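S.K.: What follows is a structure written as structure tokens; I'll ask about it next.
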Amino acid sequence: MDEPDKKKILVTPLNWGLGHATRCIPIIYLLISQGFEPIIASDGNALLLLQKEFPKLKFYVLPSYNITYPKHSIFFIWHFVFKLLLFIKTYKAEQKTITKIVNKEKLSGIISDNRFGCFHPDVKSVYITHQLKVLSGLFTFITSKIHQNIIKHFDECWIPDKSNNFLSGKLSKVKLTSIKIKYIGILSRFKPINTKTKYDFLILLSGIETQRKKMENILRNAFKNNSLKVLFITGKLAKKQTKISKNGLTILNYATTKELQKFIAQSKVIIARSGYSTVMDLAAMGKKAFFIPTPGQKEQIYLAKLLAKKKVAPFSWQEQFKISHLSRLKDYDGFKNINPSNKLLNSCLSRIT
């Protein structure tokens, strides 16, 4: 007897840093374990990362939103206002591509992580975000309403957090009757592992240029020729992994999921951006952290302040960072007892087809 065809689920993370792609990894593995056939669609480094993680899966290239940061953070909001026409053009192109994929693959469902145009009226479509409220200073009400109106095109909105909004705070704590909201718990590709400590600090660099490079230069200068054992992962995807030792530092351009889980477990403290996916990963691993939010990115600044207020982790502004700031770590508890669970996610996946 022929084996029945597997139901196909399209997974589409936004290419803005790597966080949207990395938090789709546990979803894709769960889909595979439940007998679905995941298909990946994205662009740029987000697509490249998932291709490395799932080389046997089918993939499609989506139009790129070409998200960039301004050179000076004070122009952050205006930079995106001027790019509005490009966003609209990309959104429409994305919709056309999704329609072609739906017709070709006969999809049973679509899971979009912050990709605005990845839905279809004939296919159950869900949207993943922790930002029902999009912080943008004086424009917060407007940007939040725009995002909420986009989410209305989807059948459900999945929030990767517990229902008490412990990690996302006011970003997801919004009362809406027009959007069907489901909390799916912490999303992370990592699980705690027992291993010996090898590094004093693991520095995880991520995000969009030019700020990623600025952070790399600041931290490499701060830690060079120091007696501390420091591992840098610069967050630059490439076909080949490179490893160099310079000024007393060990530097990798990128690490696989398995390697990164090991490096995090082997490190006393992780220094990283306060992006939400990074926050979830460190929460899943139960680690101590020190955050440096991306200049001008309101969401990361809010999360850094929220976790400092909760006495989870201290933070520093990028341009003001000094090694002496790390002494604050002794007054913070780190992430504890925030393990990811597939229970909520399982119940959501069961309703997607």
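All residue names refer to the structure tokens as shown: chains lettered A, B, ... in order, residues numbered from 1 in each chain, ligands numbered from 1 in order.
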What's around Asn45 in chain A at 8 Å? Count only C-alpha atoms, leave out sequence neighbours fewer than 3 positions away in its own chain, and write the answer as an NGL selection string.

M.R.: :A and (15 or 17-18 or 48-49 or 237)

S.K.: Output N, CA and C atoms for every residue in that selection, as a JSON list (two decimals), in the first residue's frame.

M.R.:
```json
[["chain", "number", "residue", "atom", "x", "y", "z"],
["A", 15, "ASN", "N", 13.88, 37.85, 7.26],
["A", 15, "ASN", "CA", 15.35, 37.99, 7.25],
["A", 15, "ASN", "C", 15.73, 39.35, 7.85],
["A", 17, "GLY", "N", 18.28, 40.13, 10.88],
["A", 17, "GLY", "CA", 19.13, 39.39, 11.80],
["A", 17, "GLY", "C", 18.87, 37.90, 11.58],
["A", 18, "LEU", "N", 19.19, 37.09, 12.56],
["A", 18, "LEU", "CA", 18.98, 35.65, 12.43],
["A", 18, "LEU", "C", 17.93, 35.11, 13.40],
["A", 48, "LEU", "N", 19.85, 31.07, 4.37],
["A", 48, "LEU", "CA", 21.11, 30.33, 4.38],
["A", 48, "LEU", "C", 21.27, 29.53, 5.67],
["A", 49, "LEU", "N", 20.92, 30.13, 6.79],
["A", 49, "LEU", "CA", 21.03, 29.42, 8.08],
["A", 49, "LEU", "C", 20.15, 28.18, 8.10],
["A", 237, "LEU", "N", 27.67, 34.49, 8.53],
["A", 237, "LEU", "CA", 27.50, 33.20, 7.87],
["A", 237, "LEU", "C", 28.36, 33.12, 6.61]]
```

S.K.: Where in range 21-250 of chain A does DSSP assign strand (DSSP E), given as JSON, numbers by chain?

M.R.: {"A": [37, 38, 39, 40, 41, 42, 59, 60, 61, 109, 110, 111, 112, 113, 124, 125, 126, 127, 128, 156, 157, 158, 159, 181, 182, 183, 199, 200, 201, 202, 203, 204, 230, 231, 232, 233, 243, 244, 245, 246, 249, 250]}

S.K.: Go ahead and save the picked residues with N, CA and C atoms, as a CSV table (one decimal), in the first residue's frame.

M.R.:
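Everything below was put into part.csv:
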```csv
chain,number,residue,atom,x,y,z
A,37,GLU,N,5.5,17.7,6.2
A,37,GLU,CA,6.7,18.0,5.3
A,37,GLU,C,6.9,19.5,5.4
A,38,PRO,N,7.8,20.0,6.1
A,38,PRO,CA,8.1,21.5,6.2
A,38,PRO,C,8.7,21.9,4.9
A,39,ILE,N,8.4,23.1,4.4
A,39,ILE,CA,9.0,23.7,3.2
A,39,ILE,C,9.4,25.1,3.7
A,40,ILE,N,10.7,25.5,3.4
A,40,ILE,CA,11.2,26.7,3.9
A,40,ILE,C,11.2,27.8,2.8
A,41,ALA,N,10.8,29.0,3.2
A,41,ALA,CA,10.8,30.1,2.3
A,41,ALA,C,11.3,31.4,3.0
A,42,SER,N,12.4,32.0,2.5
A,42,SER,CA,12.9,33.2,3.1
A,42,SER,C,13.9,33.8,2.1
A,59,PHE,N,13.2,24.4,-0.5
A,59,PHE,CA,13.1,25.8,-0.1
A,59,PHE,C,12.8,26.7,-1.3
A,60,TYR,N,12.3,27.9,-0.9
A,60,TYR,CA,12.0,28.9,-2.0
A,60,TYR,C,12.6,30.2,-1.5
A,61,VAL,N,12.9,31.0,-2.5
A,61,VAL,CA,13.5,32.4,-2.2
A,61,VAL,C,12.3,33.4,-2.3
A,109,GLY,N,-0.8,24.4,5.3
A,109,GLY,CA,-0.7,25.5,6.3
A,109,GLY,C,0.5,26.3,6.0
A,110,ILE,N,0.5,27.6,6.5
A,110,ILE,CA,1.6,28.5,6.4
A,110,ILE,C,1.9,29.0,7.8
A,111,ILE,N,3.2,29.0,8.2
A,111,ILE,CA,3.6,29.6,9.5
A,111,ILE,C,4.6,30.7,9.1
A,112,SER,N,4.2,32.0,9.4
A,112,SER,CA,5.0,33.1,9.0
A,112,SER,C,5.5,33.7,10.3
A,113,ASP,N,6.8,33.8,10.4
A,113,ASP,CA,7.4,34.6,11.5
A,113,ASP,C,7.8,36.0,11.0
A,124,LYS,N,-4.8,27.7,5.9
A,124,LYS,CA,-4.7,28.1,7.3
A,124,LYS,C,-3.3,28.8,7.5
A,125,SER,N,-3.3,30.0,7.9
A,125,SER,CA,-2.1,30.8,8.0
A,125,SER,C,-2.0,31.4,9.4
A,126,VAL,N,-0.8,31.2,10.0
A,126,VAL,CA,-0.6,31.8,11.4
A,126,VAL,C,0.7,32.7,11.3
A,127,TYR,N,0.7,33.6,12.2
A,127,TYR,CA,1.7,34.7,12.3
A,127,TYR,C,2.4,34.6,13.6
A,128,ILE,N,3.7,34.5,13.7
A,128,ILE,CA,4.4,34.5,14.9
A,128,ILE,C,5.0,35.8,15.2
A,156,GLU,N,-4.5,33.0,12.9
A,156,GLU,CA,-4.1,33.1,14.4
A,156,GLU,C,-2.8,33.8,14.5
A,157,CYS,N,-2.6,34.4,15.7
A,157,CYS,CA,-1.3,35.0,16.0
A,157,CYS,C,-0.7,34.2,17.2
A,158,TRP,N,0.5,33.6,17.0
A,158,TRP,CA,1.2,32.9,18.0
A,158,TRP,C,2.2,33.7,18.7
A,159,ILE,N,2.2,33.8,20.0
A,159,ILE,CA,3.1,34.6,20.7
A,159,ILE,C,4.1,33.7,21.5
A,181,ILE,N,-5.4,35.2,19.4
A,181,ILE,CA,-4.0,35.1,20.0
A,181,ILE,C,-3.8,33.8,20.8
A,182,LYS,N,-2.7,33.1,20.5
A,182,LYS,CA,-2.4,31.9,21.3
A,182,LYS,C,-0.9,32.0,21.8
A,183,TYR,N,-0.7,31.7,23.1
A,183,TYR,CA,0.6,31.7,23.6
A,183,TYR,C,1.2,30.3,23.4
A,199,TYR,N,34.9,28.8,29.1
A,199,TYR,CA,35.1,30.2,28.8
A,199,TYR,C,34.5,31.1,29.9
A,200,ASP,N,35.2,32.2,30.2
A,200,ASP,CA,34.6,33.2,31.1
A,200,ASP,C,33.5,33.9,30.4
A,201,PHE,N,33.7,34.3,29.2
A,201,PHE,CA,32.6,35.0,28.4
A,201,PHE,C,32.5,34.5,27.0
A,202,LEU,N,31.3,34.3,26.6
A,202,LEU,CA,30.9,34.0,25.2
A,202,LEU,C,30.3,35.3,24.6
A,203,ILE,N,30.8,35.8,23.6
A,203,ILE,CA,30.3,37.0,23.0
A,203,ILE,C,29.6,36.6,21.7
A,204,LEU,N,28.3,36.8,21.6
A,204,LEU,CA,27.5,36.5,20.4
A,204,LEU,C,27.2,37.8,19.7
A,230,VAL,N,37.9,34.2,26.5
A,230,VAL,CA,36.8,34.8,25.8
A,230,VAL,C,36.7,34.1,24.4
A,231,LEU,N,35.4,33.7,24.1
A,231,LEU,CA,35.1,33.2,22.7
A,231,LEU,C,34.2,34.2,22.0
A,232,PHE,N,34.6,34.6,20.8
A,232,PHE,CA,33.8,35.5,20.0
A,232,PHE,C,33.1,34.6,18.9
A,233,ILE,N,31.8,34.8,18.7
A,233,ILE,CA,31.2,34.3,17.5
A,233,ILE,C,30.6,35.5,16.8
A,243,LYS,N,38.2,29.8,12.2
A,243,LYS,CA,38.6,30.0,13.6
A,243,LYS,C,40.0,30.6,13.7
A,244,ILE,N,40.1,31.7,14.4
A,244,ILE,CA,41.4,32.3,14.5
A,244,ILE,C,41.6,32.7,16.0
A,245,SER,N,42.9,32.8,16.4
A,245,SER,CA,43.2,33.3,17.7
A,245,SER,C,44.0,34.5,17.5
A,246,LYS,N,43.5,35.6,18.2
A,246,LYS,CA,44.2,36.9,18.0
A,246,LYS,C,44.0,37.7,19.3
A,249,LEU,N,42.2,36.2,22.1
A,249,LEU,CA,40.8,35.9,21.9
A,249,LEU,C,40.6,34.7,20.9
A,250,THR,N,39.6,33.9,21.1
A,250,THR,CA,39.3,32.9,20.1
A,250,THR,C,38.1,33.4,19.3
```

S.K.: DSSP on the backbone, then: every residue of range 106-219 of chain A marked alpha helix (DSSP H), written as a list in words.

M.R.: Thr140, Phe141, Ile142, Thr143, Ser144, Lys145, Ile146, His147, Gln148, Asn149, Ile150, Ile151, Gln211, Arg212, Lys213, Lys214, Met215, Glu216, Asn217, Ile218 and Leu219 of chain A

S.K.: Applying 7 Å and only C-alpha atoms, which residues near range 20-25 of chain A remain after dropping the ones on its own chain fewer than 5 positions away? List them as a ChimeraX atom specification.

M.R.: /A:13-14,46,50,113,187-189,277

S.K.: Please produce an output containing C-alpha atoms for each residue in the selection, written as a compact mmCIF listing (two decimals), in the first residue's frame.

M.R.:
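And here's selection-v7.txt as it stands now:
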```txt
# COMPACT_ATOMS: atom_id res chain seq x y z
CA PRO A 13 10.90 33.63 8.77
CA LEU A 14 11.74 37.29 8.21
CA ALA A 46 17.91 33.67 7.33
CA LEU A 50 17.98 27.19 7.66
CA ASP A 113 7.44 34.56 11.50
CA LEU A 187 10.69 29.03 21.48
CA SER A 188 14.31 27.94 21.44
CA ARG A 189 16.47 25.51 19.50
CA SER A 277 15.18 35.27 20.12
```

S.K.: With only C-alpha atoms as the counted atoms, please give the residues lying no more than 9 Å from Asn247 in chain A, apart from itself and same-chain residues fewer than 6 positions off, as number ranges by chain.

M.R.: A: 220, 223-226

S.K.: Keeping only N, CA and C atoms, write those residues as a PDB file, in the first residue's frame.

M.R.:
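Written file, again_35.pdb:
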```
ATOM      1  N   ARG A 220      36.050  43.695  20.775  1.00  0.00           N
ATOM      2  CA  ARG A 220      37.382  43.131  20.533  1.00  0.00           C
ATOM      3  C   ARG A 220      38.459  44.012  21.162  1.00  0.00           C
ATOM      4  N   PHE A 223      38.368  43.527  25.089  1.00  0.00           N
ATOM      5  CA  PHE A 223      38.806  42.251  25.648  1.00  0.00           C
ATOM      6  C   PHE A 223      40.191  41.803  25.175  1.00  0.00           C
ATOM      7  N   LYS A 224      40.820  42.536  24.257  1.00  0.00           N
ATOM      8  CA  LYS A 224      42.096  42.068  23.719  1.00  0.00           C
ATOM      9  C   LYS A 224      43.181  42.071  24.791  1.00  0.00           C
ATOM     10  N   ASN A 225      44.083  41.088  24.674  1.00  0.00           N
ATOM     11  CA  ASN A 225      45.222  40.950  25.590  1.00  0.00           C
ATOM     12  C   ASN A 225      44.789  40.927  27.052  1.00  0.00           C
ATOM     13  N   ASN A 226      43.690  40.222  27.291  1.00  0.00           N
ATOM     14  CA  ASN A 226      43.149  40.105  28.639  1.00  0.00           C
ATOM     15  C   ASN A 226      43.357  38.677  29.125  1.00  0.00           C
TER      16      ASN A 226
END
```

S.K.: Which residue gives the smallest distance to Ser144 in chain A among A:Val174, A:Leu349, A:Leu205, A:Val123, with only C-alpha atoms counted?

M.R.: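 Of all the options, A:Val174 lies closest to Ser144 in chain A.
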
S.K.: Which residues, written as a list in words, have at least one atom at most 10 Å from Leu326 in chain A, with only C-alpha atoms counted and residues fewer than 3 positions away on the same chain left out?

M.R.: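 Counting only C-alpha atoms, the residues come to Val269, Ile271, Ala289, Phe290, Pro314, Phe315, Ser316, Phe321, Lys322, Ile323, Leu329 and Lys330 of chain A.
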
S.K.: What is the distance, in Å and to one decimal place, between CA of Asn165 in chain A and CA of Ile186 in chain A?

M.R.: 10.4 Å

S.K.: Please indicate the distance in Å from CA of Thr210 in chain A to CA of Gly137 in chain A, rounded to one decimal place.

M.R.: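 Those two atoms sit 21.9 Å apart.
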
S.K.: Do a neighbour search on Met285 in chain A at 9 Å with only C-alpha atoms, toss out local chain neighbours closer than 3 positions, and write the hits as a PDB file with N, CA and C atoms, in the first residue's frame.

M.R.:
```
ATOM      1  N   PHE A 190      17.550  25.387  21.708  1.00  0.00           N
ATOM      2  CA  PHE A 190      18.493  24.858  22.695  1.00  0.00           C
ATOM      3  C   PHE A 190      17.810  24.222  23.907  1.00  0.00           C
ATOM      4  N   LYS A 191      18.549  23.329  24.532  1.00  0.00           N
ATOM      5  CA  LYS A 191      18.156  22.731  25.807  1.00  0.00           C
ATOM      6  C   LYS A 191      19.373  22.736  26.723  1.00  0.00           C
ATOM      7  N   PRO A 192      19.179  22.850  28.046  1.00  0.00           N
ATOM      8  CA  PRO A 192      20.319  22.852  28.973  1.00  0.00           C
ATOM      9  C   PRO A 192      21.102  21.544  28.886  1.00  0.00           C
ATOM     10  N   ILE A 193      22.418  21.643  28.919  1.00  0.00           N
ATOM     11  CA  ILE A 193      23.266  20.446  28.957  1.00  0.00           C
ATOM     12  C   ILE A 193      24.326  20.631  30.041  1.00  0.00           C
ATOM     13  N   GLN A 261      25.082  25.544  21.125  1.00  0.00           N
ATOM     14  CA  GLN A 261      24.516  25.045  22.376  1.00  0.00           C
ATOM     15  C   GLN A 261      25.636  24.639  23.333  1.00  0.00           C
ATOM     16  N   ILE A 264      27.535  27.838  24.622  1.00  0.00           N
ATOM     17  CA  ILE A 264      26.751  28.543  25.644  1.00  0.00           C
ATOM     18  C   ILE A 264      26.835  27.813  26.972  1.00  0.00           C
ATOM     19  N   ALA A 265      26.715  26.494  26.920  1.00  0.00           N
ATOM     20  CA  ALA A 265      26.782  25.694  28.148  1.00  0.00           C
ATOM     21  C   ALA A 265      28.160  25.789  28.802  1.00  0.00           C
ATOM     22  N   MET A 280      15.239  34.393  24.497  1.00  0.00           N
ATOM     23  CA  MET A 280      14.606  33.081  24.680  1.00  0.00           C
ATOM     24  C   MET A 280      15.639  31.966  24.737  1.00  0.00           C
ATOM     25  N   ASP A 281      16.670  32.043  23.881  1.00  0.00           N
ATOM     26  CA  ASP A 281      17.710  31.009  23.883  1.00  0.00           C
ATOM     27  C   ASP A 281      18.438  30.948  25.223  1.00  0.00           C
ATOM     28  N   LEU A 282      18.785  32.108  25.764  1.00  0.00           N
ATOM     29  CA  LEU A 282      19.511  32.147  27.031  1.00  0.00           C
ATOM     30  C   LEU A 282      18.611  31.747  28.188  1.00  0.00           C
ATOM     31  N   PHE A 335      19.024  33.849  34.093  1.00  0.00           N
ATOM     32  CA  PHE A 335      17.777  33.167  33.733  1.00  0.00           C
ATOM     33  C   PHE A 335      17.674  31.850  34.489  1.00  0.00           C
ATOM     34  N   LYS A 336      16.520  31.631  35.103  1.00  0.00           N
ATOM     35  CA  LYS A 336      16.311  30.396  35.854  1.00  0.00           C
ATOM     36  C   LYS A 336      14.887  29.894  35.647  1.00  0.00           C
ATOM     37  N   ILE A 338      13.100  28.735  33.225  1.00  0.00           N
ATOM     38  CA  ILE A 338      12.272  29.186  32.103  1.00  0.00           C
ATOM     39  C   ILE A 338      12.499  28.225  30.942  1.00  0.00           C
ATOM     40  N   ASN A 339      12.237  26.971  31.172  1.00  0.00           N
ATOM     41  CA  ASN A 339      12.516  25.962  30.156  1.00  0.00           C
ATOM     42  C   ASN A 339      11.442  25.953  29.071  1.00  0.00           C
TER      43      ASN A 339
END
```

S.K.: As an exercise, work out the distance from CA of Phe291 in chain A to CA of Tyr276 in chain A in Å and give it to one decimal place.

M.R.: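 Interatomic distance, CA of Phe291 in chain A to CA of Tyr276 in chain A: 11.4 Å.
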
S.K.: Name the residues in contact with Ser206 in chain A at a cut-off of 10 Å, using only C-alpha atoms, excluding same-chain residues fewer than 2 positions from it; report them as an mmCIF file with N, CA and C atoms, in the first residue's frame.

M.R.:
```cif
data_model
loop_
_atom_site.group_PDB
_atom_site.id
_atom_site.type_symbol
_atom_site.label_atom_id
_atom_site.label_comp_id
_atom_site.auth_asym_id
_atom_site.auth_seq_id
_atom_site.Cartn_x
_atom_site.Cartn_y
_atom_site.Cartn_z
ATOM 1 N N GLY A 17 18.280 40.129 10.881
ATOM 2 C CA GLY A 17 19.128 39.390 11.804
ATOM 3 C C GLY A 17 18.866 37.904 11.576
ATOM 4 N N LEU A 18 19.192 37.091 12.561
ATOM 5 C CA LEU A 18 18.978 35.646 12.429
ATOM 6 C C LEU A 18 17.935 35.115 13.404
ATOM 7 N N GLY A 19 17.428 35.985 14.273
ATOM 8 C CA GLY A 19 16.528 35.536 15.330
ATOM 9 C C GLY A 19 15.244 34.909 14.843
ATOM 10 N N ILE A 203 30.841 35.810 23.566
ATOM 11 C CA ILE A 203 30.292 37.017 22.952
ATOM 12 C C ILE A 203 29.600 36.631 21.655
ATOM 13 N N LEU A 204 28.287 36.835 21.621
ATOM 14 C CA LEU A 204 27.486 36.510 20.447
ATOM 15 C C LEU A 204 27.154 37.789 19.706
ATOM 16 N N ILE A 208 22.013 43.501 12.068
ATOM 17 C CA ILE A 208 22.262 44.074 10.751
ATOM 18 C C ILE A 208 23.402 45.079 10.818
ATOM 19 N N GLU A 209 24.166 45.135 9.743
ATOM 20 C CA GLU A 209 25.232 46.134 9.658
ATOM 21 C C GLU A 209 24.610 47.544 9.586
ATOM 22 N N GLN A 211 25.767 48.272 12.643
ATOM 23 C CA GLN A 211 25.857 48.182 14.103
ATOM 24 C C GLN A 211 26.534 46.888 14.563
ATOM 25 N N ARG A 212 26.358 45.800 13.808
ATOM 26 C CA ARG A 212 27.028 44.553 14.199
ATOM 27 C C ARG A 212 28.538 44.747 14.214
ATOM 28 N N LYS A 213 29.065 45.387 13.164
ATOM 29 C CA LYS A 213 30.508 45.613 13.053
ATOM 30 C C LYS A 213 31.001 46.557 14.144
ATOM 31 N N MET A 215 29.759 46.932 17.134
ATOM 32 C CA MET A 215 29.801 46.188 18.389
ATOM 33 C C MET A 215 31.011 45.255 18.426
ATOM 34 N N GLU A 216 31.302 44.619 17.292
ATOM 35 C CA GLU A 216 32.460 43.727 17.219
ATOM 36 C C GLU A 216 33.752 44.487 17.535
ATOM 37 N N ILE A 233 31.847 34.830 18.681
ATOM 38 C CA ILE A 233 31.200 34.304 17.479
ATOM 39 C C ILE A 233 30.631 35.513 16.756
ATOM 40 N N THR A 234 31.217 35.842 15.615
ATOM 41 C CA THR A 234 30.951 37.135 14.980
ATOM 42 C C THR A 234 29.627 37.195 14.226
ATOM 43 N N GLY A 235 28.957 36.047 14.040
ATOM 44 C CA GLY A 235 27.648 36.065 13.402
ATOM 45 C C GLY A 235 27.673 36.354 11.918
ATOM 46 N N LYS A 236 28.760 35.940 11.247
ATOM 47 C CA LYS A 236 28.877 36.160 9.799
ATOM 48 C C LYS A 236 28.828 34.805 9.105
ATOM 49 N N ALA A 272 25.572 39.649 24.670
ATOM 50 C CA ALA A 272 24.849 39.603 23.399
ATOM 51 C C ALA A 272 23.902 40.782 23.275
ATOM 52 N N ARG A 273 23.328 40.922 22.092
ATOM 53 C CA ARG A 273 22.233 41.843 21.878
ATOM 54 C C ARG A 273 21.020 41.354 22.676
ATOM 55 N N GLY A 275 18.064 41.023 21.619
ATOM 56 C CA GLY A 275 17.009 40.605 20.703
ATOM 57 C C GLY A 275 16.183 39.506 21.338
ATOM 58 N N THR A 278 17.372 35.808 21.068
ATOM 59 C CA THR A 278 18.541 35.573 21.925
ATOM 60 C C THR A 278 18.113 35.455 23.379
ATOM 61 N N THR A 294 20.960 47.086 20.516
ATOM 62 C CA THR A 294 21.332 47.810 19.306
ATOM 63 C C THR A 294 20.892 49.266 19.429
#
```
